[in-house]
Each structure stands twice: as structure tokens, then as C-alpha cells.
Amino acid sequence: MADMRWQKFLNKVRSPMMRRGDYTLEHVDKFYSALGRPFRKDKVIHVAGTNAKGTVTFKMARMLELSGFKTGLFLSPHLFSWRERVQVNSQLITKEYCGDFFMEYERLREKIGIELSFFEFFTVMGLKYFNDVGADFAVVEVGLGGRLDATNIIDASILSIITSISLDHTQTLGTTREQIAGNVSCYDRGEMRNY
């Protein structure tokens, strides 16, 4: 049964439906709310920026893990397996959990009529996984930008880190450093935070 759920999960994340690119938080936030907003905001470290955010995210998670905390790590992209995007104490999310969450996703998707993108799906699954395994902290890397990134369904964080800003993803984030910096910010439930 787990293998069948895993295969359905793989087929879903490979499908074009999971790759739509509307930059809004409306659908993913509504879906996360329907799950009960499972991961506590006072346990999240949120990392944004255009350079080195993956490195900072990974190192921060390893420091917490080596300090004895059960630590979730959410990052992208992956190198070899989608499961690399969601880890707890350097262990990849299990295939069984992915398959089970996919079935839960399908039931809830039908009920509330919302289809998530690939990144939104992994964001919600990762946060729920961190909650379900009892992670002490989660270090979450923004996918693209920050302001409208799916990771901003997090109500707040105990720490927000913004790495250096350079001209990157200019077709989406803006053509100047100032425009990009405006899109590489984190906010609380729709309110911009000033850093």
C-alpha cells in the first residue's frame, strides 16, 4: 500500500498541475489553514536572499541539530531526490509519510477545491511533517523571493535571516537591487516587516 501511495505521489509531483506559477499566497494559505496551521511560529527560522541562503539554512539547521535539538530543514532545490527538501536531523522525509500526506492532500483538495503548486505542496507537507515528528525547530529556506513565497504561510518566525541581495530572478523579482530587496522580505500575515 505504501508503494502504491508513493508512486501516486511521484506521479503527482511530476505532473504539469504541480508547476503552475501564480505568485499569491491565497491558495496555499487557505490549504495550510484547513490543516490547522500545524507548525508553531515560535519554532521557525526563516532564511531569504538571493545568494547563500541554502548554505545558511543548512548550517543553521546543523548547528541546532548538533546542539541537541530535533531540527527540521526545508530547502530547495534538491540534488538527487525530492525528499531532500524536507529533513529532520539530516534524515530525509520518509516515502511512507509522503504517500500518506499525498492521500490527505487529495482528500482535502477535493473538499476545499484548491490545487497546490509543486513548491506549495512541499512547503505544506514539510511544515506538517515537522509538527508530526515533534521537531524543536525548523529552518526554512525561501524558494524564490520571499514576500509572496509559499514559505510565508508561516505566521511569524523567531528569527528571519536575509542573505545578500544581487540581480537574480529579474524576470520575477525586479530589475534593480531595490526591487529585488522589496521582494526578498518576510512578513507577518500580510504586513511587511521592516529590517
# chains A, B, ... in the order shown; residues from 1 in each chain; ligands from 1
>>> residues_around(residues="Ile162 of chain A", least_positions_apart="3", cutoff="7 Å", atoms="only C-alpha atoms", output="PDB file with N, CA, C and O atoms, in the first residue's frame")
ATOM      1  N   VAL A  47      14.832  31.856   6.236  1.00  0.00           N
ATOM      2  CA  VAL A  47      16.022  32.369   5.546  1.00  0.00           C
ATOM      3  C   VAL A  47      15.656  32.761   4.109  1.00  0.00           C
ATOM      4  O   VAL A  47      15.175  31.935   3.337  1.00  0.00           O
ATOM      5  N   ALA A  48      15.905  34.027   3.765  1.00  0.00           N
ATOM      6  CA  ALA A  48      15.642  34.536   2.416  1.00  0.00           C
ATOM      7  C   ALA A  48      16.912  35.188   1.882  1.00  0.00           C
ATOM      8  O   ALA A  48      17.895  35.354   2.597  1.00  0.00           O
ATOM      9  N   GLY A  49      16.874  35.580   0.619  1.00  0.00           N
ATOM     10  CA  GLY A  49      18.015  36.236  -0.013  1.00  0.00           C
ATOM     11  C   GLY A  49      18.213  35.695  -1.414  1.00  0.00           C
ATOM     12  O   GLY A  49      17.482  34.825  -1.866  1.00  0.00           O
TER      13      GLY A  49
END
>>> residues_around(residues="Lys53 of chain A", least_positions_apart="4", cutoff="10 Å", atoms="only C-alpha atoms", output="PyMOL selection string")
chain A and resi 46-49+57-59+75-76+140-143+161-164
>>> write_last_selection(atoms="N, CA, C and O atoms", output="mmCIF file, in the first residue's frame")
data_model
loop_
_atom_site.group_PDB
_atom_site.id
_atom_site.type_symbol
_atom_site.label_atom_id
_atom_site.label_comp_id
_atom_site.auth_asym_id
_atom_site.auth_seq_id
_atom_site.Cartn_x
_atom_site.Cartn_y
_atom_site.Cartn_z
ATOM 1 N N HIS A 46 13.552 31.550 9.450
ATOM 2 C CA HIS A 46 13.193 31.751 8.045
ATOM 3 C C HIS A 46 14.354 32.431 7.333
ATOM 4 O O HIS A 46 14.812 33.481 7.783
ATOM 5 N N VAL A 47 14.832 31.856 6.236
ATOM 6 C CA VAL A 47 16.022 32.369 5.546
ATOM 7 C C VAL A 47 15.656 32.761 4.109
ATOM 8 O O VAL A 47 15.175 31.935 3.337
ATOM 9 N N ALA A 48 15.905 34.027 3.765
ATOM 10 C CA ALA A 48 15.642 34.536 2.416
ATOM 11 C C ALA A 48 16.912 35.188 1.882
ATOM 12 O O ALA A 48 17.895 35.354 2.597
ATOM 13 N N GLY A 49 16.874 35.580 0.619
ATOM 14 C CA GLY A 49 18.015 36.236 -0.013
ATOM 15 C C GLY A 49 18.213 35.695 -1.414
ATOM 16 O O GLY A 49 17.482 34.825 -1.866
ATOM 17 N N THR A 57 20.893 28.214 5.542
ATOM 18 C CA THR A 57 19.824 27.347 6.045
ATOM 19 C C THR A 57 20.398 26.023 6.531
ATOM 20 O O THR A 57 20.100 25.567 7.642
ATOM 21 N N PHE A 58 21.222 25.404 5.697
ATOM 22 C CA PHE A 58 21.816 24.112 6.047
ATOM 23 C C PHE A 58 22.687 24.218 7.305
ATOM 24 O O PHE A 58 22.582 23.408 8.225
ATOM 25 N N LYS A 59 23.543 25.231 7.350
ATOM 26 C CA LYS A 59 24.446 25.370 8.505
ATOM 27 C C LYS A 59 23.684 25.682 9.792
ATOM 28 O O LYS A 59 24.027 25.177 10.861
ATOM 29 N N LEU A 75 14.522 22.992 2.364
ATOM 30 C CA LEU A 75 15.310 23.736 1.384
ATOM 31 C C LEU A 75 14.973 23.308 -0.026
ATOM 32 O O LEU A 75 14.286 22.321 -0.258
ATOM 33 N N SER A 76 15.435 24.107 -0.967
ATOM 34 C CA SER A 76 15.274 23.789 -2.378
ATOM 35 C C SER A 76 16.361 24.524 -3.159
ATOM 36 O O SER A 76 16.879 25.536 -2.684
ATOM 37 N N VAL A 140 13.813 27.121 7.600
ATOM 38 C CA VAL A 140 13.056 27.108 6.348
ATOM 39 C C VAL A 140 13.675 28.082 5.357
ATOM 40 O O VAL A 140 13.758 29.286 5.625
ATOM 41 N N GLU A 141 14.091 27.559 4.215
ATOM 42 C CA GLU A 141 14.635 28.391 3.144
ATOM 43 C C GLU A 141 13.520 28.829 2.206
ATOM 44 O O GLU A 141 12.715 28.008 1.749
ATOM 45 N N VAL A 142 13.483 30.105 1.910
ATOM 46 C CA VAL A 142 12.551 30.644 0.924
ATOM 47 C C VAL A 142 12.914 30.062 -0.441
ATOM 48 O O VAL A 142 14.081 29.874 -0.761
ATOM 49 N N GLY A 143 11.900 29.782 -1.251
ATOM 50 C CA GLY A 143 12.159 29.252 -2.583
ATOM 51 C C GLY A 143 12.614 30.332 -3.547
ATOM 52 O O GLY A 143 13.711 30.313 -4.074
ATOM 53 N N ILE A 161 16.349 35.663 8.585
ATOM 54 C CA ILE A 161 17.683 35.980 8.084
ATOM 55 C C ILE A 161 17.556 36.330 6.607
ATOM 56 O O ILE A 161 16.931 35.588 5.843
ATOM 57 N N ILE A 162 18.140 37.434 6.213
ATOM 58 C CA ILE A 162 18.190 37.786 4.795
ATOM 59 C C ILE A 162 19.656 37.841 4.403
ATOM 60 O O ILE A 162 20.428 38.642 4.938
ATOM 61 N N THR A 163 20.033 36.969 3.485
ATOM 62 C CA THR A 163 21.410 36.943 2.997
ATOM 63 C C THR A 163 21.587 38.053 1.966
ATOM 64 O O THR A 163 20.688 38.861 1.759
ATOM 65 N N SER A 164 22.721 38.091 1.311
ATOM 66 C CA SER A 164 22.991 39.182 0.364
ATOM 67 C C SER A 164 21.988 39.191 -0.783
ATOM 68 O O SER A 164 21.423 38.170 -1.154
#
>>> residues_around(residues="segment 84-94 of chain A", least_positions_apart="4", cutoff="8 Å", atoms="only C-alpha atoms", output="ChimeraX atom specification")
/A:62,65,70-80,98,122,126,129-130,135
>>> write_last_selection(atoms="all heavy atoms", output="compact mmCIF listing (two decimals), in the first residue's frame")
# COMPACT_ATOMS: atom_id res chain seq x y z
N ARG A 62 22.15 22.43 10.96
CA ARG A 62 23.17 21.53 11.53
C ARG A 62 23.64 22.01 12.90
O ARG A 62 23.86 21.19 13.81
CB ARG A 62 24.37 21.42 10.59
CG ARG A 62 24.14 20.54 9.39
CD ARG A 62 23.94 19.08 9.73
NE ARG A 62 25.22 18.48 10.12
CZ ARG A 62 25.33 17.43 10.91
NH1 ARG A 62 24.28 16.84 11.41
NH2 ARG A 62 26.51 16.95 11.22
N GLU A 65 20.93 21.02 15.30
CA GLU A 65 20.95 19.57 15.46
C GLU A 65 22.11 19.13 16.35
O GLU A 65 21.93 18.33 17.28
CB GLU A 65 21.06 18.91 14.08
CG GLU A 65 21.11 17.40 14.11
CD GLU A 65 21.35 16.80 12.74
OE1 GLU A 65 21.09 17.47 11.71
OE2 GLU A 65 21.81 15.64 12.70
N LYS A 70 15.98 18.57 18.02
CA LYS A 70 15.38 17.88 16.87
C LYS A 70 15.02 18.98 15.87
O LYS A 70 14.16 19.81 16.15
CB LYS A 70 14.15 17.10 17.31
CG LYS A 70 13.61 16.16 16.27
CD LYS A 70 12.54 15.27 16.88
CE LYS A 70 12.23 14.12 15.96
NZ LYS A 70 11.26 13.20 16.57
N THR A 71 15.70 18.98 14.73
CA THR A 71 15.65 20.13 13.83
C THR A 71 15.17 19.76 12.44
O THR A 71 15.74 18.89 11.78
CB THR A 71 17.05 20.78 13.73
OG1 THR A 71 17.50 21.09 15.05
CG2 THR A 71 17.00 22.04 12.90
N GLY A 72 14.13 20.45 12.00
CA GLY A 72 13.64 20.30 10.64
C GLY A 72 14.42 21.21 9.70
O GLY A 72 14.82 22.30 10.08
N LEU A 73 14.61 20.74 8.50
CA LEU A 73 15.30 21.50 7.46
C LEU A 73 14.44 21.47 6.21
O LEU A 73 14.06 20.40 5.74
CB LEU A 73 16.67 20.88 7.18
CG LEU A 73 17.44 21.40 5.96
CD1 LEU A 73 17.83 22.85 6.13
CD2 LEU A 73 18.69 20.54 5.72
N PHE A 74 14.10 22.66 5.71
CA PHE A 74 13.33 22.76 4.46
C PHE A 74 14.15 23.59 3.50
O PHE A 74 14.47 24.75 3.78
CB PHE A 74 11.97 23.43 4.71
CG PHE A 74 11.15 23.56 3.45
CD1 PHE A 74 10.40 22.50 2.98
CD2 PHE A 74 11.15 24.74 2.73
CE1 PHE A 74 9.66 22.62 1.82
CE2 PHE A 74 10.42 24.88 1.57
CZ PHE A 74 9.66 23.80 1.11
N LEU A 75 14.52 22.99 2.36
CA LEU A 75 15.31 23.74 1.38
C LEU A 75 14.97 23.31 -0.03
O LEU A 75 14.29 22.32 -0.26
CB LEU A 75 16.81 23.60 1.65
CG LEU A 75 17.43 22.26 2.01
CD1 LEU A 75 17.57 21.34 0.83
CD2 LEU A 75 18.77 22.50 2.63
N SER A 76 15.43 24.11 -0.97
CA SER A 76 15.27 23.79 -2.38
C SER A 76 16.36 24.52 -3.16
O SER A 76 16.88 25.54 -2.68
CB SER A 76 13.88 24.22 -2.87
OG SER A 76 13.77 25.63 -2.89
N PRO A 77 16.73 24.02 -4.31
CA PRO A 77 16.21 22.80 -4.91
C PRO A 77 16.88 21.57 -4.32
O PRO A 77 17.76 21.68 -3.47
CB PRO A 77 16.61 22.97 -6.39
CG PRO A 77 17.88 23.76 -6.33
CD PRO A 77 17.72 24.70 -5.15
N HIS A 78 16.46 20.42 -4.79
CA HIS A 78 17.10 19.17 -4.36
C HIS A 78 18.14 18.77 -5.41
O HIS A 78 18.13 19.28 -6.53
CB HIS A 78 16.06 18.07 -4.20
CG HIS A 78 15.32 17.77 -5.47
ND1 HIS A 78 14.20 18.49 -5.86
CD2 HIS A 78 15.55 16.88 -6.46
CE1 HIS A 78 13.77 18.02 -7.03
NE2 HIS A 78 14.57 17.05 -7.42
N LEU A 79 19.04 17.88 -5.04
CA LEU A 79 20.06 17.40 -5.98
C LEU A 79 19.69 16.06 -6.59
O LEU A 79 19.77 15.87 -7.79
CB LEU A 79 21.42 17.29 -5.29
CG LEU A 79 22.02 18.61 -4.80
CD1 LEU A 79 23.32 18.36 -4.06
CD2 LEU A 79 22.26 19.57 -5.96
N PHE A 80 19.29 15.10 -5.75
CA PHE A 80 19.05 13.74 -6.22
C PHE A 80 17.63 13.25 -5.99
O PHE A 80 17.12 12.44 -6.74
CB PHE A 80 20.03 12.77 -5.55
CG PHE A 80 21.47 13.15 -5.77
CD1 PHE A 80 22.21 13.70 -4.74
CD2 PHE A 80 22.08 12.98 -7.01
CE1 PHE A 80 23.54 14.08 -4.93
CE2 PHE A 80 23.39 13.37 -7.22
CZ PHE A 80 24.12 13.90 -6.17
N CYS A 98 5.35 10.71 2.80
CA CYS A 98 4.99 11.41 1.56
C CYS A 98 3.73 10.81 0.96
O CYS A 98 2.81 11.53 0.55
CB CYS A 98 6.13 11.35 0.56
SG CYS A 98 7.59 12.29 1.02
N PHE A 122 5.15 20.97 -1.28
CA PHE A 122 6.28 20.58 -0.44
C PHE A 122 6.37 21.45 0.81
O PHE A 122 6.73 20.96 1.89
CB PHE A 122 7.59 20.62 -1.22
CG PHE A 122 7.89 19.32 -1.88
CD1 PHE A 122 7.44 19.05 -3.16
CD2 PHE A 122 8.58 18.32 -1.21
CE1 PHE A 122 7.70 17.84 -3.76
CE2 PHE A 122 8.84 17.11 -1.81
CZ PHE A 122 8.40 16.86 -3.09
N GLY A 126 6.12 19.76 4.36
CA GLY A 126 7.27 19.89 5.24
C GLY A 126 6.89 20.42 6.61
O GLY A 126 7.29 19.88 7.64
N TYR A 129 5.01 17.81 8.51
CA TYR A 129 5.93 16.75 8.93
C TYR A 129 6.73 17.18 10.16
O TYR A 129 6.85 16.42 11.13
CB TYR A 129 6.88 16.43 7.77
CG TYR A 129 7.84 15.30 8.06
CD1 TYR A 129 7.39 14.01 8.25
CD2 TYR A 129 9.21 15.54 8.09
CE1 TYR A 129 8.28 12.97 8.49
CE2 TYR A 129 10.11 14.51 8.33
CZ TYR A 129 9.63 13.22 8.53
OH TYR A 129 10.51 12.20 8.77
N PHE A 130 7.23 18.40 10.15
CA PHE A 130 7.99 18.89 11.32
C PHE A 130 7.12 18.85 12.57
O PHE A 130 7.57 18.51 13.66
CB PHE A 130 8.51 20.31 11.08
CG PHE A 130 9.43 20.43 9.89
CD1 PHE A 130 9.49 21.61 9.17
CD2 PHE A 130 10.25 19.37 9.50
CE1 PHE A 130 10.35 21.74 8.09
CE2 PHE A 130 11.10 19.49 8.41
CZ PHE A 130 11.15 20.67 7.70
N ALA A 135 9.45 18.21 15.90
CA ALA A 135 10.69 18.97 15.77
C ALA A 135 10.70 20.15 16.75
O ALA A 135 9.68 20.79 16.97
CB ALA A 135 10.84 19.49 14.34
>>> closest_residue(among="A:Met125, A:Met4, A:Val28, A:Leu64", to="Asn152 of chain A", atoms="only C-alpha atoms")
A:Val28
>>> residues_around(residues="Asp100 of chain A", least_positions_apart="5", cutoff="12 Å", atoms="only C-alpha atoms", output="ChimeraX atom specification")
/A:1-9,93-95,105-107,125,128-129
>>> write_last_selection(atoms="C-alpha atoms", output="PDB file, in the first residue's frame")
ATOM      1  CA  MET A   1       0.000   0.000   0.000  1.00  0.00           C
ATOM      2  CA  ALA A   2       2.819   2.428   0.859  1.00  0.00           C
ATOM      3  CA  ASP A   3       4.480   1.712  -2.509  1.00  0.00           C
ATOM      4  CA  MET A   4       1.237   2.494  -4.348  1.00  0.00           C
ATOM      5  CA  ARG A   5       0.828   5.773  -2.423  1.00  0.00           C
ATOM      6  CA  TRP A   6       4.482   6.639  -3.103  1.00  0.00           C
ATOM      7  CA  GLN A   7       4.013   6.039  -6.832  1.00  0.00           C
ATOM      8  CA  LYS A   8       0.870   8.212  -6.867  1.00  0.00           C
ATOM      9  CA  PHE A   9       2.814  10.892  -5.043  1.00  0.00           C
ATOM     10  CA  ILE A  93      11.310  12.595   4.967  1.00  0.00           C
ATOM     11  CA  THR A  94      10.119   9.011   4.551  1.00  0.00           C
ATOM     12  CA  LYS A  95       8.421   7.704   1.439  1.00  0.00           C
ATOM     13  CA  TYR A 105      -3.796  16.251   0.306  1.00  0.00           C
ATOM     14  CA  GLU A 106      -6.091  14.647  -2.273  1.00  0.00           C
ATOM     15  CA  ARG A 107      -8.980  14.390   0.219  1.00  0.00           C
ATOM     16  CA  MET A 125       3.967  18.847   3.675  1.00  0.00           C
ATOM     17  CA  LYS A 128       3.162  19.349   8.790  1.00  0.00           C
ATOM     18  CA  TYR A 129       5.932  16.755   8.927  1.00  0.00           C
TER      19      TYR A 129
END
>>> atom_distance(atom1="atom CA of Lys12 of chain A", atom2="atom CA of Ser117 of chain A")
10.3 Å
>>> atom_distance(atom1="atom CA of Glu110 of chain A", atom2="atom CA of Thr151 of chain A")
22.8 Å
>>> atom_distance(atom1="atom CA of His27 of chain A", atom2="atom CA of Arg40 of chain A")
19.9 Å
>>> decode(residues="segment 45-60 of chain A", atoms="all heavy atoms", output="short mmCIF file (atom, residue, chain, number, x, y, z; two decimals), in the first residue's frame")
data_model
loop_
_atom_site.label_atom_id
_atom_site.label_comp_id
_atom_site.auth_asym_id
_atom_site.auth_seq_id
_atom_site.Cartn_x
_atom_site.Cartn_y
_atom_site.Cartn_z
N ILE A 45 12.91 29.36 11.94
CA ILE A 45 13.94 30.29 11.49
C ILE A 45 13.78 30.35 9.97
O ILE A 45 13.83 29.33 9.28
CB ILE A 45 15.34 29.80 11.88
CG1 ILE A 45 15.45 29.77 13.42
CG2 ILE A 45 16.42 30.70 11.27
CD1 ILE A 45 16.66 29.04 13.93
N HIS A 46 13.55 31.55 9.45
CA HIS A 46 13.19 31.75 8.04
C HIS A 46 14.35 32.43 7.33
O HIS A 46 14.81 33.48 7.78
CB HIS A 46 11.94 32.64 8.01
CG HIS A 46 11.09 32.47 6.82
ND1 HIS A 46 9.98 33.24 6.60
CD2 HIS A 46 11.15 31.63 5.76
CE1 HIS A 46 9.40 32.89 5.47
NE2 HIS A 46 10.10 31.92 4.93
N VAL A 47 14.83 31.86 6.24
CA VAL A 47 16.02 32.37 5.55
C VAL A 47 15.66 32.76 4.11
O VAL A 47 15.18 31.93 3.34
CB VAL A 47 17.16 31.33 5.54
CG1 VAL A 47 18.41 31.91 4.89
CG2 VAL A 47 17.46 30.83 6.95
N ALA A 48 15.91 34.03 3.76
CA ALA A 48 15.64 34.54 2.42
C ALA A 48 16.91 35.19 1.88
O ALA A 48 17.89 35.35 2.60
CB ALA A 48 14.49 35.54 2.45
N GLY A 49 16.87 35.58 0.62
CA GLY A 49 18.01 36.24 -0.01
C GLY A 49 18.21 35.69 -1.41
O GLY A 49 17.48 34.82 -1.87
N THR A 50 19.20 36.21 -2.11
CA THR A 50 19.48 35.69 -3.46
C THR A 50 20.79 34.91 -3.51
O THR A 50 21.00 34.14 -4.43
CB THR A 50 19.52 36.83 -4.50
OG1 THR A 50 20.49 37.79 -4.12
CG2 THR A 50 18.16 37.49 -4.65
N ASN A 51 21.68 35.12 -2.56
CA ASN A 51 22.96 34.39 -2.54
C ASN A 51 23.17 33.75 -1.17
O ASN A 51 23.00 34.41 -0.15
CB ASN A 51 24.14 35.35 -2.81
CG ASN A 51 24.09 35.89 -4.22
OD1 ASN A 51 23.78 35.17 -5.16
ND2 ASN A 51 24.40 37.17 -4.36
N ALA A 52 23.55 32.49 -1.17
CA ALA A 52 23.98 31.75 0.03
C ALA A 52 22.87 31.39 0.99
O ALA A 52 23.13 30.92 2.08
CB ALA A 52 25.08 32.51 0.76
N LYS A 53 21.59 31.57 0.60
CA LYS A 53 20.54 31.23 1.55
C LYS A 53 20.47 29.74 1.83
O LYS A 53 20.19 29.33 2.96
CB LYS A 53 19.18 31.78 1.12
CG LYS A 53 18.55 31.18 -0.11
CD LYS A 53 17.23 31.90 -0.43
CE LYS A 53 16.44 31.23 -1.51
NZ LYS A 53 17.01 31.35 -2.84
N GLY A 54 20.77 28.92 0.85
CA GLY A 54 20.80 27.47 1.07
C GLY A 54 21.89 27.06 2.04
O GLY A 54 21.68 26.24 2.93
N THR A 55 23.05 27.66 1.89
CA THR A 55 24.17 27.37 2.78
C THR A 55 23.86 27.80 4.21
O THR A 55 24.09 27.06 5.17
CB THR A 55 25.45 28.08 2.28
OG1 THR A 55 25.74 27.62 0.96
CG2 THR A 55 26.63 27.80 3.19
N VAL A 56 23.31 29.00 4.35
CA VAL A 56 22.96 29.50 5.68
C VAL A 56 21.89 28.60 6.31
O VAL A 56 21.97 28.25 7.50
CB VAL A 56 22.49 30.97 5.61
CG1 VAL A 56 21.88 31.42 6.93
CG2 VAL A 56 23.65 31.87 5.21
N THR A 57 20.89 28.21 5.54
CA THR A 57 19.82 27.35 6.05
C THR A 57 20.40 26.02 6.53
O THR A 57 20.10 25.57 7.64
CB THR A 57 18.78 27.10 4.94
OG1 THR A 57 18.26 28.36 4.50
CG2 THR A 57 17.63 26.24 5.43
N PHE A 58 21.22 25.40 5.70
CA PHE A 58 21.82 24.11 6.05
C PHE A 58 22.69 24.22 7.30
O PHE A 58 22.58 23.41 8.23
CB PHE A 58 22.64 23.58 4.86
CG PHE A 58 23.31 22.27 5.15
CD1 PHE A 58 22.60 21.09 5.08
CD2 PHE A 58 24.65 22.23 5.51
CE1 PHE A 58 23.21 19.87 5.36
CE2 PHE A 58 25.27 21.03 5.79
CZ PHE A 58 24.56 19.85 5.72
N LYS A 59 23.54 25.23 7.35
CA LYS A 59 24.45 25.37 8.51
C LYS A 59 23.68 25.68 9.79
O LYS A 59 24.03 25.18 10.86
CB LYS A 59 25.50 26.45 8.22
CG LYS A 59 26.55 25.98 7.23
CD LYS A 59 27.63 27.02 7.03
CE LYS A 59 28.71 26.49 6.11
NZ LYS A 59 29.83 27.42 5.97
N MET A 60 22.66 26.50 9.70
CA MET A 60 21.85 26.82 10.88
C MET A 60 21.17 25.55 11.40
O MET A 60 21.15 25.29 12.61
CB MET A 60 20.82 27.88 10.53
CG MET A 60 19.94 28.32 11.68
SD MET A 60 20.81 29.24 12.95
CE MET A 60 21.15 30.77 12.11
#
